[in-house]
Amino acid sequence: MRTKAIRLISLAAAVLFATTACGGRDEDGGGTVGQGDCQGQQTTGITDTSIKIGGAYPLSGPASAYAELPKGIRAYFDYINAEKGGIDGRKVEYLVRDDGYQPPKTVEEVRRLVEQDQVFAVFQTLGTPTSSAVWDYLNQRQVPQIFVAGGATQWGADTAHPWTIGWQPSYLAEGRVFAQYVRQQKPDAKVAVLYQNDDFGKDLLSSFNKGVAGSGVSIVAEQSYEVTDPTVEPQLRNLANSKADVLLNFATPKFAAQTLAADARNIDWNPIHILTVVSNPMTTLKPVGLDNVQGIVSAAFLKDPADPQFANDSAVRLYRDKLAQYAPGADPTNQYTTSGWAVAESFHKTFEAAKCKTREGLRDSARALNDVSIDLLLPGITLKTGPGDAFPMEAMRIQKFEGDRWVLNGDVIRTNN
């Protein structure tokens, strides 16, 4: 995925770095500026003993399944604060705002975090339309928008927003993984696609299309939906009429569950059902009934705490123990909770590696990750960025749902070449 556009990131970033490294200003007020080698850089929201960060999530509304994610983040920071003295000697204050998955609300809440709460960084905004609504603002204010919770290609490919970076494998990478799987399993497959009508769904669809180009695989039916739609059952009826061999379910959790249920009810259509990663946690599957989701296919980059092969894994055991201690009632097998813990550790290691404990230092460190190991990532998957590469993760594994859990299939698939 190292396109010409991506390679230009380092050039655009270098220009900005040169203008801020020794003379940046604390535009938000209420903070100090770096000293010594970090002179002039922004330290709003950070002291010698504390660091304040915040994020916006859909704690309510149609995408509220993602509300589990900040539970994992908070549990990690509470654990680090209580037992490890914080990050680099600083206790983490983590603020969470509810945007309901509505971009205007995201703007309101992120402005509140930056201008009223004076956060050091906006750590995770969830979703493509919501995160896109604030990235111009955050980059103009020179506030890190670090590890966006979403896989839009723009988080790594854009050259005009060096203060923003994603974390998880991009939808471009995910689409390629699914395309490779379909080509291997059914080289002449006819494919039907349900996708959310925004950059999330379109990125996945575009990447899959490119991944099957020149093969015998063809897309024979496409149906989109809006996040405000009450149901996607009419779209599923149209897709079923295509009698496709493969169904791509590129939907967020609420609509993904509706799609799984509609597919299960239709005994006359039995396609290979491929589910996007963002909708594969048990919270999506259980309401449909586990008997109705047997054999569906997805992808993974995180260890599954419900997988017996990780029962004695030291990282999984620590995660389970500390989640129970610091987030009583949180489900350790929920992928969003697991992801939250892992991305919090990613922030921890990125900040510790920063040469300057400043906003500029965090920005630079996130773009210079050198095969950083994160304990809950699958073996063989690390965080790596550098000049011309602003995609921290570019590898995944295929998994199938069998019995009461996901089962990994095959080796790690790398998509960065």
# chains A, B, ... in the order shown; residues from 1 in each chain; ligands from 1

$ residues_around --residues "region 111-127 of chain A" --least-positions-apart "6" --cutoff "7 Å" --atoms "only C-alpha atoms" --output "list of chain:residue names"
A:Asp28, A:Thr43, A:Thr44, A:Gly45, A:Ile46, A:Ile51, A:Lys52, A:Ile53, A:Gly54, A:Gly55, A:Ala56, A:Tyr57, A:Val143, A:Pro144, A:Gln145, A:Ile146, A:Phe147, A:Val148, A:Ala149, A:Gly150, A:Arg359

$ select_by_dssp --residues "region 59-243 of chain A" --states "alpha helix (DSSP H)" --output "PyMOL selection string"
chain A and resi 69-84+103-111+128-140+154-157+171-185+199-212+233-240

$ residues_around --residues "Ala342 (chain A)" --least-positions-apart "6" --cutoff "9 Å" --atoms "only C-alpha atoms" --output "list in words"
Gly72, Ile73, Tyr76, Leu302, Ile374, Asp375, Leu376 and Leu377 of chain A

$ residues_around --residues "Asp136 (chain A)" --least-positions-apart "3" --cutoff "12 Å" --atoms "only C-alpha atoms" --output "PyMOL selection string"
chain A and resi 107+110-111+130-133+139-145+158+160-164

$ write_last_selection --atoms "all heavy atoms" --output "short mmCIF file (atom, residue, chain, number, x, y, z; two decimals), in the first residue's frame"
data_model
loop_
_atom_site.label_atom_id
_atom_site.label_comp_id
_atom_site.auth_asym_id
_atom_site.auth_seq_id
_atom_site.Cartn_x
_atom_site.Cartn_y
_atom_site.Cartn_z
N VAL A 107 -17.68 17.08 16.57
CA VAL A 107 -17.03 18.39 16.53
C VAL A 107 -17.21 19.09 17.87
O VAL A 107 -16.25 19.64 18.45
CB VAL A 107 -17.62 19.25 15.39
CG1 VAL A 107 -17.09 20.68 15.47
CG2 VAL A 107 -17.28 18.63 14.03
N VAL A 110 -15.11 17.20 20.67
CA VAL A 110 -13.66 17.32 20.51
C VAL A 110 -13.21 18.74 20.80
O VAL A 110 -12.16 18.96 21.42
CB VAL A 110 -13.24 16.86 19.10
CG1 VAL A 110 -11.80 17.28 18.79
CG2 VAL A 110 -13.39 15.35 18.98
N ARG A 111 -13.97 19.72 20.38
CA ARG A 111 -13.65 21.11 20.74
C ARG A 111 -13.65 21.28 22.26
O ARG A 111 -12.79 21.99 22.81
CB ARG A 111 -14.65 22.07 20.09
CG ARG A 111 -14.41 22.33 18.61
CD ARG A 111 -15.39 23.36 18.09
NE ARG A 111 -15.11 23.72 16.72
CZ ARG A 111 -14.27 24.67 16.33
NH1 ARG A 111 -13.59 25.35 17.24
NH2 ARG A 111 -14.07 24.93 15.05
N THR A 130 -17.07 10.58 11.61
CA THR A 130 -16.90 11.36 12.83
C THR A 130 -15.46 11.88 12.95
O THR A 130 -15.23 13.04 13.28
CB THR A 130 -17.26 10.50 14.05
OG1 THR A 130 -16.63 9.22 13.91
CG2 THR A 130 -18.75 10.30 14.14
N SER A 131 -14.51 11.01 12.70
CA SER A 131 -13.10 11.42 12.79
C SER A 131 -12.74 12.41 11.70
O SER A 131 -11.94 13.34 11.92
CB SER A 131 -12.20 10.19 12.72
OG SER A 131 -12.48 9.30 13.78
N SER A 132 -13.32 12.23 10.53
CA SER A 132 -13.06 13.16 9.42
C SER A 132 -13.60 14.56 9.74
O SER A 132 -13.06 15.56 9.26
CB SER A 132 -13.72 12.65 8.13
OG SER A 132 -13.17 11.42 7.74
N ALA A 133 -14.64 14.61 10.55
CA ALA A 133 -15.26 15.90 10.88
C ALA A 133 -14.35 16.78 11.72
O ALA A 133 -14.56 18.00 11.78
CB ALA A 133 -16.59 15.67 11.62
N ASN A 139 -5.62 19.26 13.21
CA ASN A 139 -4.34 19.53 12.55
C ASN A 139 -4.03 21.02 12.51
O ASN A 139 -2.87 21.43 12.63
CB ASN A 139 -4.33 18.92 11.14
CG ASN A 139 -3.97 17.45 11.17
OD1 ASN A 139 -2.84 17.07 10.91
ND2 ASN A 139 -4.93 16.60 11.50
N GLN A 140 -5.06 21.85 12.35
CA GLN A 140 -4.83 23.30 12.40
C GLN A 140 -4.38 23.72 13.79
O GLN A 140 -3.54 24.62 13.92
CB GLN A 140 -6.11 24.03 12.00
CG GLN A 140 -6.45 23.91 10.52
CD GLN A 140 -7.88 24.29 10.20
OE1 GLN A 140 -8.63 24.73 11.08
NE2 GLN A 140 -8.28 24.12 8.93
N ARG A 141 -4.92 23.08 14.82
CA ARG A 141 -4.53 23.40 16.19
C ARG A 141 -3.25 22.69 16.63
O ARG A 141 -2.75 22.91 17.72
CB ARG A 141 -5.67 23.02 17.15
CG ARG A 141 -6.98 23.75 16.93
CD ARG A 141 -6.91 25.21 17.32
NE ARG A 141 -6.69 25.40 18.74
CZ ARG A 141 -7.53 26.05 19.55
NH1 ARG A 141 -8.66 26.54 19.07
NH2 ARG A 141 -7.24 26.20 20.81
N GLN A 142 -2.74 21.81 15.77
CA GLN A 142 -1.55 21.03 16.07
C GLN A 142 -1.73 20.20 17.34
O GLN A 142 -0.89 20.19 18.25
CB GLN A 142 -0.31 21.93 16.16
CG GLN A 142 -0.01 22.65 14.85
CD GLN A 142 1.25 23.49 14.90
OE1 GLN A 142 1.90 23.60 15.93
NE2 GLN A 142 1.60 24.09 13.77
N VAL A 143 -2.85 19.49 17.38
CA VAL A 143 -3.17 18.58 18.48
C VAL A 143 -3.13 17.16 17.91
O VAL A 143 -3.82 16.87 16.93
CB VAL A 143 -4.57 18.86 19.06
CG1 VAL A 143 -4.90 17.86 20.17
CG2 VAL A 143 -4.65 20.29 19.58
N PRO A 144 -2.34 16.26 18.49
CA PRO A 144 -2.30 14.90 17.97
C PRO A 144 -3.67 14.23 18.00
O PRO A 144 -4.37 14.27 19.02
CB PRO A 144 -1.32 14.18 18.91
CG PRO A 144 -0.47 15.27 19.49
CD PRO A 144 -1.38 16.46 19.60
N GLN A 145 -4.05 13.65 16.88
CA GLN A 145 -5.24 12.81 16.78
C GLN A 145 -4.69 11.40 16.55
O GLN A 145 -4.55 10.93 15.44
CB GLN A 145 -6.14 13.25 15.63
CG GLN A 145 -7.44 12.48 15.50
CD GLN A 145 -8.26 12.91 14.29
OE1 GLN A 145 -7.74 13.55 13.37
NE2 GLN A 145 -9.54 12.58 14.27
N ASP A 158 -3.05 10.09 3.71
CA ASP A 158 -3.19 11.54 3.50
C ASP A 158 -1.89 12.26 3.84
O ASP A 158 -1.18 11.89 4.77
CB ASP A 158 -4.32 12.08 4.39
CG ASP A 158 -4.51 13.58 4.21
OD1 ASP A 158 -5.20 13.97 3.26
OD2 ASP A 158 -3.94 14.34 5.02
N ALA A 160 -1.79 15.79 4.11
CA ALA A 160 -2.07 17.13 4.63
C ALA A 160 -2.41 17.15 6.11
O ALA A 160 -2.67 18.21 6.67
CB ALA A 160 -3.21 17.77 3.83
N HIS A 161 -2.41 15.97 6.77
CA HIS A 161 -2.81 15.88 8.17
C HIS A 161 -1.78 15.06 8.97
O HIS A 161 -2.08 13.95 9.44
CB HIS A 161 -4.20 15.24 8.29
CG HIS A 161 -5.29 16.03 7.64
ND1 HIS A 161 -5.52 16.00 6.29
CD2 HIS A 161 -6.20 16.91 8.16
CE1 HIS A 161 -6.54 16.80 6.00
NE2 HIS A 161 -6.96 17.36 7.10
N PRO A 162 -0.59 15.59 9.14
CA PRO A 162 0.46 14.82 9.81
C PRO A 162 0.23 14.59 11.29
O PRO A 162 0.92 13.79 11.92
CB PRO A 162 1.71 15.67 9.59
CG PRO A 162 1.19 17.06 9.42
CD PRO A 162 -0.10 16.91 8.69
N TRP A 163 -0.75 15.29 11.89
CA TRP A 163 -1.05 15.11 13.31
C TRP A 163 -2.04 13.98 13.54
O TRP A 163 -2.36 13.66 14.68
CB TRP A 163 -1.59 16.41 13.90
CG TRP A 163 -0.58 17.52 13.90
CD1 TRP A 163 -0.27 18.36 12.87
CD2 TRP A 163 0.28 17.89 14.99
NE1 TRP A 163 0.72 19.23 13.25
CE2 TRP A 163 1.08 18.97 14.54
CE3 TRP A 163 0.45 17.43 16.30
CZ2 TRP A 163 2.04 19.58 15.35
CZ3 TRP A 163 1.40 18.04 17.10
CH2 TRP A 163 2.18 19.10 16.63
N THR A 164 -2.55 13.37 12.46
CA THR A 164 -3.53 12.29 12.54
C THR A 164 -2.91 10.99 12.07
O THR A 164 -2.21 10.96 11.05
CB THR A 164 -4.76 12.61 11.67
OG1 THR A 164 -5.37 13.82 12.13
CG2 THR A 164 -5.79 11.50 11.72
#

$ residues_around --residues "Thr231 (chain A)" --least-positions-apart "2" --cutoff "9 Å" --atoms "only C-alpha atoms" --output "ChimeraX atom specification"
/A:225,228-229,233-235,254-255,258

$ residues_around --residues "Ser314 (chain A)" --least-positions-apart "4" --cutoff "12 Å" --atoms "only C-alpha atoms" --output "list in words"
Lys303, Pro305, Gln309, Phe310, Leu318, Tyr319, Arg320, Asp321, Asp375 and Leu376 of chain A

$ closest_atom_pairs --of "region 262-302 of chain A" --to "region 63-67 of chain A" --cutoff "12 Å" --atoms "only C-alpha atoms" --output "Markdown table"
| residue | atom | partner | partner_atom | distance |
| --- | --- | --- | --- | --- |
| A:Val278 | CA | A:Tyr66 | CA | 9.0 |
| A:Ser279 | CA | A:Ala65 | CA | 9.1 |
| A:Asn280 | CA | A:Ala65 | CA | 11.2 |
| A:Pro281 | CA | A:Ala65 | CA | 9.4 |
| A:Met282 | CA | A:Ala65 | CA | 10.5 |
| A:Thr283 | CA | A:Ala65 | CA | 7.4 |
| A:Thr284 | CA | A:Ala65 | CA | 8.2 |
| A:Leu285 | CA | A:Ala65 | CA | 11.8 |

$ write_last_selection --atoms "N, CA and C atoms" --output "compact mmCIF listing (two decimals), in the first residue's frame"
# COMPACT_ATOMS: atom_id res chain seq x y z
N VAL A 278 -14.78 -5.06 12.07
CA VAL A 278 -15.35 -4.17 13.08
C VAL A 278 -16.66 -4.69 13.65
N SER A 279 -17.24 -5.70 13.01
CA SER A 279 -18.53 -6.23 13.47
C SER A 279 -18.47 -7.70 13.88
N ASN A 280 -17.28 -8.22 14.14
CA ASN A 280 -17.21 -9.65 14.46
C ASN A 280 -17.16 -10.01 15.94
N PRO A 281 -17.26 -9.07 16.89
CA PRO A 281 -17.31 -9.47 18.30
C PRO A 281 -18.57 -10.26 18.64
N MET A 282 -18.52 -10.93 19.76
CA MET A 282 -19.64 -11.76 20.20
C MET A 282 -20.90 -10.93 20.44
N THR A 283 -20.74 -9.66 20.76
CA THR A 283 -21.92 -8.82 20.98
C THR A 283 -22.75 -8.68 19.71
N THR A 284 -22.13 -8.86 18.56
CA THR A 284 -22.87 -8.87 17.30
C THR A 284 -23.47 -10.24 17.03
N LEU A 285 -22.73 -11.28 17.35
CA LEU A 285 -23.13 -12.63 16.98
C LEU A 285 -24.17 -13.25 17.91

$ residues_around --residues "Asp371 (chain A)" --least-positions-apart "2" --cutoff "7 Å" --atoms "only C-alpha atoms" --output "MDAnalysis selection string"
chainID A and resid 369 373 382:384

$ closest_residue --among "A:Ala244, A:Gln325, A:Asp291, A:Tyr137" --to "Glu83 (chain A)" --atoms "only C-alpha atoms"
A:Gln325

$ atom_distance --atom1 "CA of Ile267 (chain A)" --atom2 "CA of Lys186 (chain A)"
21.0 Å

$ closest_residue --among "A:Pro230, A:Ala213, A:Thr128, A:Asn270" --to "Gly201 (chain A)" --atoms "only C-alpha atoms"
A:Thr128

$ atom_distance --atom1 "CA of Val212 (chain A)" --atom2 "CA of Arg183 (chain A)"
7.0 Å
